[in-house]
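Peer 1: Below are the C-alpha cells for one structure; questions will follow.
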Amino acid sequence: MPSKVCALCEKSKAILKRPKTGQQICRDCFFYVFETEVHNTITQTNLFSRGDRVAIGASGGKDSTVLAYVLKALNERYDYGLHLFLLSIDEGITGYRDDSLETVKRNQQQYDMPLKILSYDELYGWTMDRIVSQIGKKNNCTFCGVFRRQALDRGAAMLNVDHIVTGHNADDIAETVLMNIMRGDIARLGRCTSIVTQGEDTIKRSKPFKYAYEKEIVMYAYFKKLDYFSTECIYSPDAYRGHARTFLKDLEAARPSAIIDIIHSGEAFEIREEIKATQKVQQTCKRCGYMSSNDLCKACTLLEGLERGMASSGITDRARKRLDAEGPPPGNLRTIPFFQPLSGNPTVIIEAST
C-alpha cells in the first residue's frame with residue numbers, strides 16, 4: 001500500500017497523525033502548524049508587549065521545555081521584543097526535582113537564557129520530603145500547589161519580570177474544569193479557563209499552550225529531540241487530579257475533540273452576580289504581604305500548622321479551629337519573608353549550571 005502524502009504540503013510523506021485534528025502530515029508541516037497555532041494564541045490574546053521581561057516557569061518536564069524552545073523561536077521569528085528568563089522552583093523532592101533541575105540547567109545553556117532557582121527550603125524552611133514525612137501523601141499536593149504558586153511570584157519579583165508564562169496545556173485546563181465541577185468550586189470554575197490571570201498584587205501569568213494538546217507537545221519534543229525530564233512526581237499518584245485525568249483520557253479516546261470542547265464549555269460559564277457578591281474580597285496577608293482572601297494567606301496558614309505540629313490545620317476549617325484553640329502562635333514561629341515586588345533596575349540572579 002503506497003505511503004500517504006502530507007495533507008498540508010501534498011509533497012512529503014506523512015509520518016504522523018495529529019491527535020488534535022486527525023490530519024496526517026509530515027514532520028516539517030507539524031512543526032509549522034504547532035508553532036503557528038501557539039503564535040496565533042499569543043497574538044490574538046495580546047499576551048505580550050514589546051520589551052516585556054518574561055519568566056518561563058521551568059520544571060525540566062516536556063511542557064516547560066517545549067514552551068521555552070518555542071517561545072524563544074517565536075520571539076526571534078516574529079520579533080516580539082521579549083527578554084526571556086527561566087525560573088525554577090525546587091520543592092525538595094529527592095529523586096525527582098533534584099534530577100529534573102539538572103535538565104533545566106542544561107536548558108539554560110541550550111537556550112541561552114538566565115536562570116533563577118528558588119527552593120521551598122530557602123523560602124519556607126521546609127522541603128516537600130519533610131512535609132510528606134509529617135503529613136503523609138493524602139494532602140501533600142495541597143501544600144505543594146499553594147507553596148509553588150507563591151514561590152513563582154516571589155522568584156519572578158527577584159528577577160523583576162513583568163510576566164510569568166507556564167506550560168499548562170489544553171489537557172491540564174480541561175482537567176481543571178472537570179475538577180472544579182466535581183468539587184462544586186464556583187470561584188475557581190469562573191476563572192480556570194482564563195488564558196491570563198493577574199491579582200492586584202501579583203505578577204501577570206499566562207498559558208500560551210492553552211489550546212495545545214499534551215500528545216502534540218510530546219510529539220514536538222520527540223521529533224525536535226529536545227532535552228527534557230520525563231519522570232512524574234513521586235508524590236502525585238494519590239492526587240485528586242488523577243481521577244479527572246483518567247476520566248478525560250476515556251472521553252478523548254471516544255471523542256478527540258472532548259478536550260477543546262470542555263475548555264470552550266468552561267469559557268462559556270458565567271457566574272451570577274449574586275454569587276460573585278458572596279465571594280471574599282482580595283486583600284493582603286497581614287503576616288507576609290502576599291495576596292489573600294483572609295487575614296492570613298493559605299501559605300502562611302499551612303506553614304503555621306507545620307511549625308506547630310498540626311499540619312492539617314491549613315486544610316480544613318475544623319482543624320483550623322483546633323489550632324486557634326491552642327492559643328496564639330509562639331513568638332519564634334518561622335514565617336515567610338514579607339512579599340515586596342521589586343521595581344526599578346532589575347537584579348538578575350543566574351544560577352551556576354554545575
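Just so we're on the same page: first chain in the C-alpha cells is A, next is B, and so on; residues restart at 1 for each chain, and ligands are numbered from 1 in the order they show up.
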Would you give me, as a tab-separated table, each residue of region 210-235 of chain A having an atom within 10 Å of an atom of region 87-103 of chain A, along with its shortest atom pair and that distance in Å to one decimal, using only C-alpha atoms and sorting by chain and residue number?
Peer 2:
```
residue	atom	partner	partner_atom	distance
A:Asp227	CA	A:Thr103	CA	7.0
A:Tyr228	CA	A:Thr103	CA	6.1
A:Phe229	CA	A:Ser100	CA	5.6
A:Ser230	CA	A:Ser100	CA	8.5
A:Thr231	CA	A:Tyr96	CA	7.3
A:Glu232	CA	A:Tyr96	CA	7.8
A:Cys233	CA	A:Tyr96	CA	6.3
A:Ile234	CA	A:Tyr96	CA	7.0
A:Tyr235	CA	A:Ile93	CA	8.7
```
Peer 1: Could the residues in this selection be saved with C-alpha atoms as a PDB file, in the first residue's frame?
Peer 2:
```
ATOM      1  CA  ASP A 227      16.266  17.555  26.258  1.00  0.00           C
ATOM      2  CA  TYR A 228      13.570  17.084  28.919  1.00  0.00           C
ATOM      3  CA  PHE A 229      12.889  15.093  32.094  1.00  0.00           C
ATOM      4  CA  SER A 230      10.033  12.620  31.754  1.00  0.00           C
ATOM      5  CA  THR A 231       9.546  11.110  35.232  1.00  0.00           C
ATOM      6  CA  GLU A 232       6.325  12.018  37.065  1.00  0.00           C
ATOM      7  CA  CYS A 233       6.402  13.421  40.596  1.00  0.00           C
ATOM      8  CA  ILE A 234       6.769  10.565  43.086  1.00  0.00           C
ATOM      9  CA  TYR A 235       4.089  12.124  45.330  1.00  0.00           C
TER      10      TYR A 235
END
```
Peer 1: Closest to Ala58 (chain A) among A:Thr335, A:Gln108, A:Gln134, A:Gln150, using only C-alpha atoms?
Peer 2: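 Looking only at the distances to Ala58 (chain A), the closest residue turns out to be A:Gln108.
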Peer 1: Which residues are close to Glu214 (chain A), i.e. within 9 Å by only C-alpha atoms, leaving aside same-chain residues fewer than 4 positions away? Reply as a list in words.
Peer 2: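 The contact residues come out as Asp63, Asn169, Ala170, Asp171, Asp172, Val218 and Met219 of chain A.
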Peer 1: Quick one: everything within 10 Å of Leu84 (chain A), counting only C-alpha atoms, minus sequence neighbours fewer than 3 positions away in the same chain. Send it as a PyMOL selection string.
Peer 2: chain A and resi 52-56+68+71-72+75+81+87+111-115+161+163-164
Peer 1: May I have the selected residues written with N, CA, C and O atoms, as a CSV table (one decimal), in the first residue's frame?
Peer 2:
```csv
chain,number,residue,atom,x,y,z
A,52,ASP,N,8.7,43.4,27.2
A,52,ASP,CA,8.3,42.6,28.4
A,52,ASP,C,9.5,41.7,28.9
A,52,ASP,O,10.1,41.1,28.1
A,53,ARG,N,9.6,41.7,30.2
A,53,ARG,CA,10.6,40.7,30.8
A,53,ARG,C,9.7,39.5,31.2
A,53,ARG,O,8.8,39.7,32.1
A,54,VAL,N,9.9,38.4,30.6
A,54,VAL,CA,9.1,37.2,30.8
A,54,VAL,C,9.8,36.0,31.4
A,54,VAL,O,10.9,35.6,30.9
A,55,ALA,N,9.3,35.5,32.6
A,55,ALA,CA,9.9,34.4,33.2
A,55,ALA,C,9.1,33.1,32.8
A,55,ALA,O,7.9,33.1,32.9
A,56,ILE,N,9.8,32.1,32.3
A,56,ILE,CA,9.2,30.9,31.9
A,56,ILE,C,9.3,29.9,33.1
A,56,ILE,O,10.4,29.6,33.6
A,68,ALA,N,9.8,26.8,26.5
A,68,ALA,CA,11.0,27.6,26.4
A,68,ALA,C,11.5,27.6,25.0
A,68,ALA,O,11.9,28.7,24.4
A,71,LEU,N,8.9,29.5,22.6
A,71,LEU,CA,8.8,30.9,22.8
A,71,LEU,C,10.1,31.6,22.4
A,71,LEU,O,10.0,32.7,21.8
A,72,LYS,N,11.2,31.0,22.5
A,72,LYS,CA,12.5,31.6,22.1
A,72,LYS,C,12.5,31.7,20.5
A,72,LYS,O,12.8,32.7,19.9
A,75,ASN,N,9.9,34.3,19.4
A,75,ASN,CA,10.4,35.7,19.8
A,75,ASN,C,11.4,36.2,18.8
A,75,ASN,O,11.4,37.4,18.4
A,81,GLY,N,10.2,41.1,20.8
A,81,GLY,CA,10.9,42.0,21.6
A,81,GLY,C,10.9,41.7,23.1
A,81,GLY,O,11.0,42.5,24.0
A,87,LEU,N,12.7,30.3,35.2
A,87,LEU,CA,12.5,30.4,36.7
A,87,LEU,C,12.1,29.0,37.1
A,87,LEU,O,11.0,28.5,36.7
A,111,TYR,N,19.4,27.1,25.5
A,111,TYR,CA,18.6,28.2,25.0
A,111,TYR,C,19.2,29.6,25.3
A,111,TYR,O,18.6,30.6,25.0
A,112,ASP,N,20.3,29.6,26.0
A,112,ASP,CA,21.0,30.9,26.4
A,112,ASP,C,20.0,31.8,27.1
A,112,ASP,O,19.9,33.0,26.7
A,113,MET,N,19.4,31.3,28.2
A,113,MET,CA,18.5,32.2,29.0
A,113,MET,C,19.0,32.2,30.4
A,113,MET,O,19.5,31.2,30.9
A,114,PRO,N,19.0,33.4,31.1
A,114,PRO,CA,19.3,33.4,32.5
A,114,PRO,C,18.4,32.5,33.3
A,114,PRO,O,17.2,32.4,33.0
A,115,LEU,N,18.9,31.9,34.4
A,115,LEU,CA,18.1,31.0,35.2
A,115,LEU,C,18.2,31.4,36.7
A,115,LEU,O,19.2,31.7,37.2
A,161,VAL,N,10.5,40.7,36.7
A,161,VAL,CA,9.9,40.4,35.4
A,161,VAL,C,8.5,41.0,35.5
A,161,VAL,O,7.9,41.2,36.5
A,163,HIS,N,6.0,39.3,33.7
A,163,HIS,CA,5.1,38.3,33.3
A,163,HIS,C,5.7,36.9,33.5
A,163,HIS,O,6.9,36.7,33.3
A,164,ILE,N,4.8,36.0,34.0
A,164,ILE,CA,5.2,34.6,34.1
A,164,ILE,C,4.4,33.8,33.1
A,164,ILE,O,3.2,34.0,33.0
```
Peer 1: Applying 8 Å and only C-alpha atoms, which residues near Val5 (chain A) remain after dropping the ones on its own chain fewer than 6 positions away? List them as a list in words.
Peer 2: Lys11, Ser12, Lys13, Ala14, Gln24, Ile25 and Cys26 of chain A
Peer 1: Mind writing the picked residues with all heavy atoms as an mmCIF file, in the first residue's frame?
Peer 2:
```cif
data_model
loop_
_atom_site.group_PDB
_atom_site.id
_atom_site.type_symbol
_atom_site.label_atom_id
_atom_site.label_comp_id
_atom_site.auth_asym_id
_atom_site.auth_seq_id
_atom_site.Cartn_x
_atom_site.Cartn_y
_atom_site.Cartn_z
ATOM 1 N N LYS A 11 3.350 17.080 -0.618
ATOM 2 C CA LYS A 11 4.623 16.733 -1.262
ATOM 3 C C LYS A 11 5.357 15.647 -0.474
ATOM 4 O O LYS A 11 5.719 14.612 -1.024
ATOM 5 C CB LYS A 11 5.517 17.969 -1.377
ATOM 6 C CG LYS A 11 4.974 19.057 -2.292
ATOM 7 C CD LYS A 11 5.909 20.260 -2.308
ATOM 8 C CE LYS A 11 5.345 21.367 -3.201
ATOM 9 N NZ LYS A 11 6.238 22.562 -3.200
ATOM 10 N N SER A 12 5.576 15.902 0.815
ATOM 11 C CA SER A 12 6.357 14.978 1.637
ATOM 12 C C SER A 12 5.492 13.833 2.148
ATOM 13 O O SER A 12 4.261 13.912 2.168
ATOM 14 C CB SER A 12 6.979 15.723 2.825
ATOM 15 O OG SER A 12 7.799 16.770 2.375
ATOM 16 N N LYS A 13 6.161 12.804 2.613
ATOM 17 C CA LYS A 13 5.481 11.645 3.176
ATOM 18 C C LYS A 13 4.909 11.993 4.553
ATOM 19 O O LYS A 13 5.584 12.583 5.393
ATOM 20 C CB LYS A 13 6.469 10.491 3.297
ATOM 21 C CG LYS A 13 5.910 9.246 3.968
ATOM 22 C CD LYS A 13 6.990 8.188 4.114
ATOM 23 C CE LYS A 13 6.478 6.985 4.894
ATOM 24 N NZ LYS A 13 7.559 5.960 5.072
ATOM 25 N N ALA A 14 3.659 11.628 4.758
ATOM 26 C CA ALA A 14 3.040 11.845 6.077
ATOM 27 C C ALA A 14 3.594 10.822 7.052
ATOM 28 O O ALA A 14 3.587 9.618 6.771
ATOM 29 C CB ALA A 14 1.527 11.704 5.968
ATOM 30 N N GLN A 24 -3.132 13.709 8.716
ATOM 31 C CA GLN A 24 -1.868 13.001 8.536
ATOM 32 C C GLN A 24 -0.916 13.927 7.800
ATOM 33 O O GLN A 24 -1.195 14.332 6.662
ATOM 34 C CB GLN A 24 -2.087 11.702 7.771
ATOM 35 C CG GLN A 24 -2.986 10.726 8.529
ATOM 36 C CD GLN A 24 -2.953 9.326 7.948
ATOM 37 O OE1 GLN A 24 -1.905 8.848 7.518
ATOM 38 N NE2 GLN A 24 -4.101 8.665 7.947
ATOM 39 N N ILE A 25 0.176 14.295 8.460
ATOM 40 C CA ILE A 25 1.069 15.315 7.912
ATOM 41 C C ILE A 25 2.529 14.911 8.091
ATOM 42 O O ILE A 25 2.864 13.987 8.834
ATOM 43 C CB ILE A 25 0.831 16.691 8.573
ATOM 44 C CG1 ILE A 25 1.006 16.602 10.090
ATOM 45 C CG2 ILE A 25 -0.552 17.222 8.229
ATOM 46 C CD1 ILE A 25 0.828 17.944 10.806
ATOM 47 N N CYS A 26 3.406 15.641 7.420
ATOM 48 C CA CYS A 26 4.843 15.399 7.536
ATOM 49 C C CYS A 26 5.393 16.134 8.754
ATOM 50 O O CYS A 26 4.712 16.968 9.361
ATOM 51 C CB CYS A 26 5.567 15.854 6.268
ATOM 52 S SG CYS A 26 5.551 17.639 5.988
#
```
Peer 1: For Gly125 (chain A), list every protein, DNA or RNA residue within 9 Å, evaluated using only C-alpha atoms, and leave out those in the same chain fewer than 2 positions away; present the list as a ChimeraX atom specification.
Peer 2: /A:120-123,127,334-336
Peer 1: Could you dump the residues just selected with N, CA and C atoms as a PDB file, in the first residue's frame?
Peer 2:
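The resulting again10.pdb:
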```pdb
ATOM      1  N   TYR A 120      11.891  25.712  48.172  1.00  0.00           N
ATOM      2  CA  TYR A 120      10.974  25.747  49.308  1.00  0.00           C
ATOM      3  C   TYR A 120      11.767  25.891  50.604  1.00  0.00           C
ATOM      4  N   ASP A 121      12.889  25.198  50.687  1.00  0.00           N
ATOM      5  CA  ASP A 121      13.691  25.242  51.908  1.00  0.00           C
ATOM      6  C   ASP A 121      14.161  26.663  52.188  1.00  0.00           C
ATOM      7  N   GLU A 122      14.574  27.349  51.151  1.00  0.00           N
ATOM      8  CA  GLU A 122      15.041  28.732  51.278  1.00  0.00           C
ATOM      9  C   GLU A 122      13.908  29.668  51.676  1.00  0.00           C
ATOM     10  N   LEU A 123      12.734  29.446  51.112  1.00  0.00           N
ATOM     11  CA  LEU A 123      11.619  30.364  51.312  1.00  0.00           C
ATOM     12  C   LEU A 123      10.782  30.028  52.544  1.00  0.00           C
ATOM     13  N   THR A 127      11.064  21.322  53.062  1.00  0.00           N
ATOM     14  CA  THR A 127      11.061  20.686  51.756  1.00  0.00           C
ATOM     15  C   THR A 127       9.825  19.796  51.661  1.00  0.00           C
ATOM     16  N   ARG A 334       8.463  30.314  62.773  1.00  0.00           N
ATOM     17  CA  ARG A 334       9.046  30.607  61.460  1.00  0.00           C
ATOM     18  C   ARG A 334       7.971  31.208  60.548  1.00  0.00           C
ATOM     19  N   THR A 335       8.289  32.284  59.854  1.00  0.00           N
ATOM     20  CA  THR A 335       7.334  32.929  58.956  1.00  0.00           C
ATOM     21  C   THR A 335       7.971  33.124  57.582  1.00  0.00           C
ATOM     22  N   ILE A 336       7.134  33.382  56.604  1.00  0.00           N
ATOM     23  CA  ILE A 336       7.603  33.623  55.237  1.00  0.00           C
ATOM     24  C   ILE A 336       8.065  35.078  55.141  1.00  0.00           C
TER      25      ILE A 336
END
```
Peer 1: Output as a PyMOL selection string all residues of region 196-352 of chain A that backbone DSSP marks as strand (DSSP E).
Peer 2: chain A and resi 196-197+204-206+283-284+291-292
Peer 1: DSSP on the backbone, then: every residue of region 113-295 of chain A marked helix (DSSP H, G or I), written as a VMD selection string.
Peer 2: chain A and resid 120 to 124 128 to 135 140 to 159 170 to 183 186 to 189 214 to 224 241 to 254 258 to 268 273 to 276
Peer 1: What lies within 10 Å of Tyr80 (chain A) using only C-alpha atoms, ignoring chain neighbours under 2 positions off, as a list in words?
Peer 2: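 These residues fall inside the cut-off: Thr43, Phe48, Ser49, Arg50, Gly51, Asp52, Leu71, Lys72, Leu74, Asn75, Glu76, Arg77, Tyr78, Leu82 and His83 of chain A.
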Peer 1: Compare A:Ile186, A:Ala212, A:Val165, A:Val196 by their minimum atom-to-atom distance to Asn46 (chain A), counting only C-alpha atoms, and give me the closest one.
Peer 2: A:Val196
Peer 1: Tell me, in Å to one decimal, how far CA of Phe31 (chain A) is from CA of Pro208 (chain A).
Peer 2: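 These atoms are spaced 16.0 Å apart.
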